[in-house]
Amino acid sequence: MQENISPTNEAKRLEEAREAEVPWKKWGPYLSERQWGTVREDYSSNGDAWNYFTHDQARSRAYRWGEDGLGGISDDHQILCFALALWNGKDPILKERLFGLNNSEGNHGEDVKEYYFYLDSTPTHSYMKYLYKYPQAPYPYEDLVVTNRNRSKDELEYELLDTGVFDDDRYFDLFVEYAKADTEDILIRISVANRGPETASLHLLPTLWFRNTWSWAGGGSRPVMEKVENGTGSVIHAYHTDPLFQEFLADYYLYCDGDVPLLFTENETNHVRLFGGTNATPFVKDGINDYLVQGRADAINPAQSGTKASPHYQLTVAAGATEVIRLRLTRTKPAATFAPFAGCDALFQARIQEANDFYAFITPARIKADHPEQAGVMRQALAGMLWTKQYFYYDVDKWLEEHHITPWSRPEERQAIRNGEWSHAYCDDIISMPDKWEYPWFAAWDLAFHMLPLSIVDSDFAKSQLDLMLRNDYLHPNGQIPAYEWNFGDVNPPVHAFATMQIYLMDKARHDGRGDIEFLKYAFSKLLVNFTWWVNRKDRDGNNVFQGGFLGLDNIGVFDRSSPLPTGGYLEQADGTAWMVFFSQQMLRIAVELALHDPLYEEFVSKFFEHTMWIGGAMDRLGDLQDEMWDEEDGFFYDVLRLPDGTAMRLKVRSMVGLLPLAAVAIFEEEQIANMPTFIQRAKAFYDRHPELTANMHLPNKPGVAGRRMLSLFNEEKLRRVLARMLDEEEFLSPYGIRALSRYHREHPFVFQHNGQESRVEYLPGDSDSGMFGGNSNWRGPIWMPVNFLLIVALYRLYAFYGDSFTVECPTGSGRMMNLYEVGQELGNRLVNIFLPDENGRRPVYGSAEKFQNDPHWKEYLLFYEYFHGDNGAGIGASHQTGWTGCIARIIQGMGDVTQEVLLAKDAEMAAIKKTVGK
């Protein structure tokens, strides 16, 4: 073990997985929570994925590319799956998967309408805990659809709590826990708590099934699932006879607590119900549903075999009582000497203690001692991120072939179908998802942010995920990183190099100054290709100003930036260009680190230094010009609209677009620069040749605290002007972080008129009133965690250069002066306060939802939303997008025991990492 590595048992399992390839991660929470309505399952002629494969069809229709389930697990190739199914005796269907609205049904786009919580997980998934809240009254499917569909975009969403189905606490809390006795030996404990005032009944059906591979060309033969005799309880034996699958999955046995009925059917499409056709087998995917709900005895297989099976527990739970069911999924065969549940509770107790030990070690000492609530937020955020791993299978070449598109199809044919230019892509991996219901597919820039907190608990997984996006079966041959499933060819911000460098530095701090240089070299070689793609494809006129397009910020601007502009012109994007300065700076930082190990990389130091200068200089050219992004009068960066007649105008929207250039700041220690004499010489020559590029930036030829050098888009004057706006509570500074749009635009909307049509941008602290990108995203006021994280990191870096000599008012106009480290801490505290009880005991994240605010069975469970209300901090958007909102764990970690002396000795954010991880 290296110094600074956790000595806990969970850390030992991680080491075994890395060093000895012990498959501790073979089983995990890899099921999607919504496979229906995804691009992979869409075989429509018009690309309407949501309506081609609906929730109503999902119980009856076998999936092509993956599986979904309720609180479930699978192996890492999703051959065998396990999840819950429930029936309260009143619902029209079994509860086998989470319900929600598609884009056309919700007044603010798609939205899951269930209450479930990821309560705990270790990185090897040796222990996991999940909670699902199941109403005892009929689930209001139709009410949710009809009411939401009839609401306008100005009205709130109609939520499950609003239907009254949880009134009088008539619901069950179902806690699902998993504890690994070994890599392929998993104990399962399901606790059913009746929160209602009367005794209530529940049909509990823990379900084991095979993903349907056999119905598709080249998918091999049908596996087998059958009942086997065992004197102590019911047992299901699941196995493949096909060598194609035996390579990945051996025989498994599901032992049931007690001798309970076993219900068997096939994971086959019910063509009769859905399409009026003929079924391939007498027993189909919804057979267990039809047996229970419709009373059809012939819907399940009396021969006790199939590819989908459920033990049927009929529970009667007294008011306030809890019933516990145990199962065990293992490769151990039934034998007289094998007692599957002997020591079950002791194993759970041991795994829970190991999880506690692991999280106690990685949590900063000051946070544990002085802010235990923050430690709880950190742990739940990381648990959510670990639960949001998913098996993602998408062979795009095969999928396109099934849509009658081949690499030899005409360009117009390929372009007419989604991802038609990505036939090389082959995805068959466990990937971190933004949200396994609302976004059950990877998104490149989301994933880069996910790895920042995940690297706290599992550096190996974080590095492998970043490598994944750069592999030849993901990265396009032209160098583009795939954006997201709905459109691989769209453009996400280039944050991959930033995440790579951050994780390298964290790993280096853990290992007493020895970083994974091979990881850094591999990433750099692939990121070079991606950087070249950006330069060649997104710099329209070759003048170092970038267009980008979508850039993940959805509706932040006046126009849909992924579509042709109504003016016929084009945008020069302040955020697109800032992202490229940021990308170039991160490549510069990586090149400097590599050059310390290999002088050949010094050439790349010069290359990316000059790229940074060219791009940064283009954002604010010499002189006060009207067609550049920096507005001298306002002291802010704006997008520039270039019109067909050659004229240009700034779109004066004060948004995150103008704050992102702050993130483009790189700090270098004096000895790093001193060790590169060739670079020093070239940089000086570059300054001499191009004084026009150096006039408005901060250059590394000026030393700061401890002799550090800084490269930033902002000289001191510009920095003060932008920070004055960012820290103004009437503009960007909310009580809960930095808003995506200035509140100035509440009273002063930006209005653009063209050919009699008006486009407006005004401050919207909550849900979007725009249909852009489905209407479920809003960058016009709310608070987004990832960009706030970037701003905090930038403030720490700026402090590492300026130290205590540079102070600003925070908030602006308050008379309260802070150095930039203190400003970063202030922003961190405001973001953390979203999740913490205030002086009245209310958590801002839950807004006016009284059940969450006051009920002891609700108020301790956190949801990590996609974004947050710009004025009151309430959670909005995808309720389980722990993904990049999980950056709150890194923010809390960085607010631990960090002294000013340490900050001045090291790069600011690295000091925070080294100090806290070292504890």
# chains A, B, ... in the order shown; residues from 1 in each chain; ligands from 1
$ residues_around --residues "stretch 405-411 of chain A" --least-positions-apart "4" --cutoff "12 Å" --atoms "only C-alpha atoms" --output "PyMOL selection string"
chain A and resi 396-401+415-424
$ closest_atom_pairs --of "stretch 287-370 of chain A" --to "stretch 188-198 of chain A" --cutoff "7 Å" --atoms "only C-alpha atoms" --output "CSV"
residue,atom,partner,partner_atom,distance
A:Val317,CA,A:Asn194,CA,6.2
A:Ala318,CA,A:Glu198,CA,6.6
A:Ala319,CA,A:Glu198,CA,4.8
A:Gly320,CA,A:Asn194,CA,5.3
A:Ala321,CA,A:Asn194,CA,5.8
A:Thr322,CA,A:Ala193,CA,4.1
A:Glu323,CA,A:Val192,CA,5.1
A:Val324,CA,A:Ser191,CA,4.4
A:Ile325,CA,A:Ile190,CA,5.1
A:Arg326,CA,A:Arg189,CA,4.7
A:Leu327,CA,A:Ile188,CA,5.0
A:Arg328,CA,A:Ile188,CA,5.8
$ write_last_selection --atoms "C-alpha atoms" --output "PDB file, in the first residue's frame"
ATOM      1  CA  VAL A 317     -47.588  -5.843   7.592  1.00  0.00           C
ATOM      2  CA  ALA A 318     -49.077  -4.313  10.716  1.00  0.00           C
ATOM      3  CA  ALA A 319     -49.259  -0.541  11.101  1.00  0.00           C
ATOM      4  CA  GLY A 320     -45.798   0.771  11.979  1.00  0.00           C
ATOM      5  CA  ALA A 321     -44.239  -2.675  11.660  1.00  0.00           C
ATOM      6  CA  THR A 322     -41.438  -3.947   9.413  1.00  0.00           C
ATOM      7  CA  GLU A 323     -41.143  -7.337   7.713  1.00  0.00           C
ATOM      8  CA  VAL A 324     -37.750  -8.572   6.474  1.00  0.00           C
ATOM      9  CA  ILE A 325     -37.080 -10.939   3.551  1.00  0.00           C
ATOM     10  CA  ARG A 326     -33.638 -12.376   2.750  1.00  0.00           C
ATOM     11  CA  LEU A 327     -32.274 -13.806  -0.481  1.00  0.00           C
ATOM     12  CA  ARG A 328     -28.858 -14.905  -1.671  1.00  0.00           C
TER      13      ARG A 328
END
$ residues_around --residues "A:Ser432" --least-positions-apart "3" --cutoff "10 Å" --atoms "only C-alpha atoms" --output "list in words"
Tyr30, Met385, Leu386, Trp387, Thr388, Lys389, Gln390, Tyr391, Phe392, Asp429, Asp435, Lys436, Pro440, Trp441, Phe442, Ala443, Asp446, Leu447, Ala448, His450, Met451, Leu454, Phe461, Ala462, Gln465 and Gly883 of chain A
$ write_last_selection --atoms "N, CA and C atoms" --output "mmCIF file, in the first residue's frame"
data_model
loop_
_atom_site.group_PDB
_atom_site.id
_atom_site.type_symbol
_atom_site.label_atom_id
_atom_site.label_comp_id
_atom_site.auth_asym_id
_atom_site.auth_seq_id
_atom_site.Cartn_x
_atom_site.Cartn_y
_atom_site.Cartn_z
ATOM 1 N N TYR A 30 -25.981 -1.952 -11.996
ATOM 2 C CA TYR A 30 -25.738 -1.627 -13.399
ATOM 3 C C TYR A 30 -27.000 -1.623 -14.257
ATOM 4 N N MET A 385 -23.819 8.732 -6.721
ATOM 5 C CA MET A 385 -22.978 8.602 -7.913
ATOM 6 C C MET A 385 -22.580 7.152 -8.151
ATOM 7 N N LEU A 386 -22.315 6.420 -7.070
ATOM 8 C CA LEU A 386 -21.938 5.019 -7.220
ATOM 9 C C LEU A 386 -23.126 4.174 -7.675
ATOM 10 N N TRP A 387 -24.332 4.521 -7.257
ATOM 11 C CA TRP A 387 -25.536 3.829 -7.705
ATOM 12 C C TRP A 387 -25.858 4.138 -9.163
ATOM 13 N N THR A 388 -25.343 5.239 -9.679
ATOM 14 C CA THR A 388 -25.729 5.678 -11.015
ATOM 15 C C THR A 388 -24.786 5.164 -12.087
ATOM 16 N N LYS A 389 -24.071 4.106 -11.794
ATOM 17 C CA LYS A 389 -23.358 3.380 -12.843
ATOM 18 C C LYS A 389 -24.375 2.535 -13.620
ATOM 19 N N GLN A 390 -24.120 2.356 -14.903
ATOM 20 C CA GLN A 390 -25.056 1.584 -15.729
ATOM 21 C C GLN A 390 -24.314 0.833 -16.819
ATOM 22 N N TYR A 391 -24.753 -0.381 -17.077
ATOM 23 C CA TYR A 391 -24.254 -1.094 -18.255
ATOM 24 C C TYR A 391 -24.844 -0.423 -19.487
ATOM 25 N N PHE A 392 -23.960 -0.020 -20.401
ATOM 26 C CA PHE A 392 -24.397 0.691 -21.608
ATOM 27 C C PHE A 392 -23.913 -0.085 -22.818
ATOM 28 N N ASP A 429 -19.934 -1.295 -21.962
ATOM 29 C CA ASP A 429 -19.166 -0.957 -20.768
ATOM 30 C C ASP A 429 -20.074 -0.522 -19.628
ATOM 31 N N ASP A 435 -28.238 10.421 -14.947
ATOM 32 C CA ASP A 435 -29.437 10.076 -14.190
ATOM 33 C C ASP A 435 -30.006 8.843 -14.871
ATOM 34 N N LYS A 436 -30.142 7.727 -14.148
ATOM 35 C CA LYS A 436 -30.490 6.466 -14.810
ATOM 36 C C LYS A 436 -31.951 6.391 -15.237
ATOM 37 N N PRO A 440 -30.549 8.161 -19.075
ATOM 38 C CA PRO A 440 -29.897 6.858 -18.931
ATOM 39 C C PRO A 440 -28.931 6.550 -20.074
ATOM 40 N N TRP A 441 -28.076 7.511 -20.358
ATOM 41 C CA TRP A 441 -27.049 7.394 -21.393
ATOM 42 C C TRP A 441 -25.933 8.372 -21.038
ATOM 43 N N PHE A 442 -24.714 8.029 -21.425
ATOM 44 C CA PHE A 442 -23.604 8.895 -21.031
ATOM 45 C C PHE A 442 -23.635 10.210 -21.806
ATOM 46 N N ALA A 443 -23.135 11.251 -21.180
ATOM 47 C CA ALA A 443 -22.910 12.539 -21.822
ATOM 48 C C ALA A 443 -21.478 12.941 -21.487
ATOM 49 N N ASP A 446 -20.793 15.757 -18.832
ATOM 50 C CA ASP A 446 -21.292 15.295 -17.540
ATOM 51 C C ASP A 446 -20.290 14.312 -16.936
ATOM 52 N N LEU A 447 -19.891 13.335 -17.742
ATOM 53 C CA LEU A 447 -19.033 12.268 -17.243
ATOM 54 C C LEU A 447 -17.709 12.819 -16.706
ATOM 55 N N ALA A 448 -17.150 13.811 -17.383
ATOM 56 C CA ALA A 448 -15.894 14.402 -16.905
ATOM 57 C C ALA A 448 -16.080 15.007 -15.517
ATOM 58 N N HIS A 450 -18.438 14.047 -13.371
ATOM 59 C CA HIS A 450 -18.709 12.949 -12.440
ATOM 60 C C HIS A 450 -17.420 12.418 -11.818
ATOM 61 N N MET A 451 -16.372 12.358 -12.637
ATOM 62 C CA MET A 451 -15.153 11.715 -12.171
ATOM 63 C C MET A 451 -14.441 12.516 -11.090
ATOM 64 N N LEU A 454 -16.072 11.188 -7.929
ATOM 65 C CA LEU A 454 -15.868 9.741 -7.867
ATOM 66 C C LEU A 454 -14.406 9.379 -7.620
ATOM 67 N N PHE A 461 -11.556 3.677 -11.135
ATOM 68 C CA PHE A 461 -12.762 3.812 -11.956
ATOM 69 C C PHE A 461 -12.770 5.151 -12.675
ATOM 70 N N ALA A 462 -12.380 6.211 -11.959
ATOM 71 C CA ALA A 462 -12.377 7.546 -12.571
ATOM 72 C C ALA A 462 -11.444 7.589 -13.768
ATOM 73 N N GLN A 465 -12.864 5.615 -16.740
ATOM 74 C CA GLN A 465 -13.970 6.285 -17.418
ATOM 75 C C GLN A 465 -13.477 7.383 -18.356
ATOM 76 N N GLY A 883 -25.086 12.853 -10.784
ATOM 77 C CA GLY A 883 -23.964 13.007 -11.683
ATOM 78 C C GLY A 883 -23.089 14.187 -11.396
#
$ closest_residue --among "A:Gly803, A:His748, A:Gly28, A:Val657" --to "A:Pro703" --atoms "only C-alpha atoms"
A:Gly803
$ closest_residue --among "A:Lys652, A:Leu274, A:Trp486, A:Ser234" --to "A:Thr38" --atoms "only C-alpha atoms"
A:Trp486
$ residues_around --residues "A:Tyr313" --least-positions-apart "6" --cutoff "8 Å" --atoms "only C-alpha atoms" --output "JSON, numbers by chain"
{"A": [203, 204, 205, 260, 261]}
$ write_last_selection --atoms "C-alpha atoms" --output "PDB file, in the first residue's frame"
ATOM      1  CA  HIS A 203     -47.088  -8.831  -2.909  1.00  0.00           C
ATOM      2  CA  LEU A 204     -43.281  -8.771  -2.971  1.00  0.00           C
ATOM      3  CA  LEU A 205     -41.663 -10.351  -6.035  1.00  0.00           C
ATOM      4  CA  VAL A 260     -42.292 -19.742  -1.240  1.00  0.00           C
ATOM      5  CA  PRO A 261     -44.054 -20.213  -4.584  1.00  0.00           C
TER       6      PRO A 261
END
$ closest_atom_pairs --of "stretch 357-456 of chain A" --to "stretch 493-516 of chain A" --cutoff "7 Å" --atoms "only C-alpha atoms" --output "Markdown table"
| residue | atom | partner | partner_atom | distance |
| --- | --- | --- | --- | --- |
| A:Trp445 | CA | A:Val495 | CA | 6.2 |
| A:Ala448 | CA | A:His496 | CA | 5.6 |
| A:Phe449 | CA | A:Ala499 | CA | 6.8 |
| A:Leu452 | CA | A:Ala499 | CA | 6.5 |
| A:Ser455 | CA | A:Ile503 | CA | 6.5 |
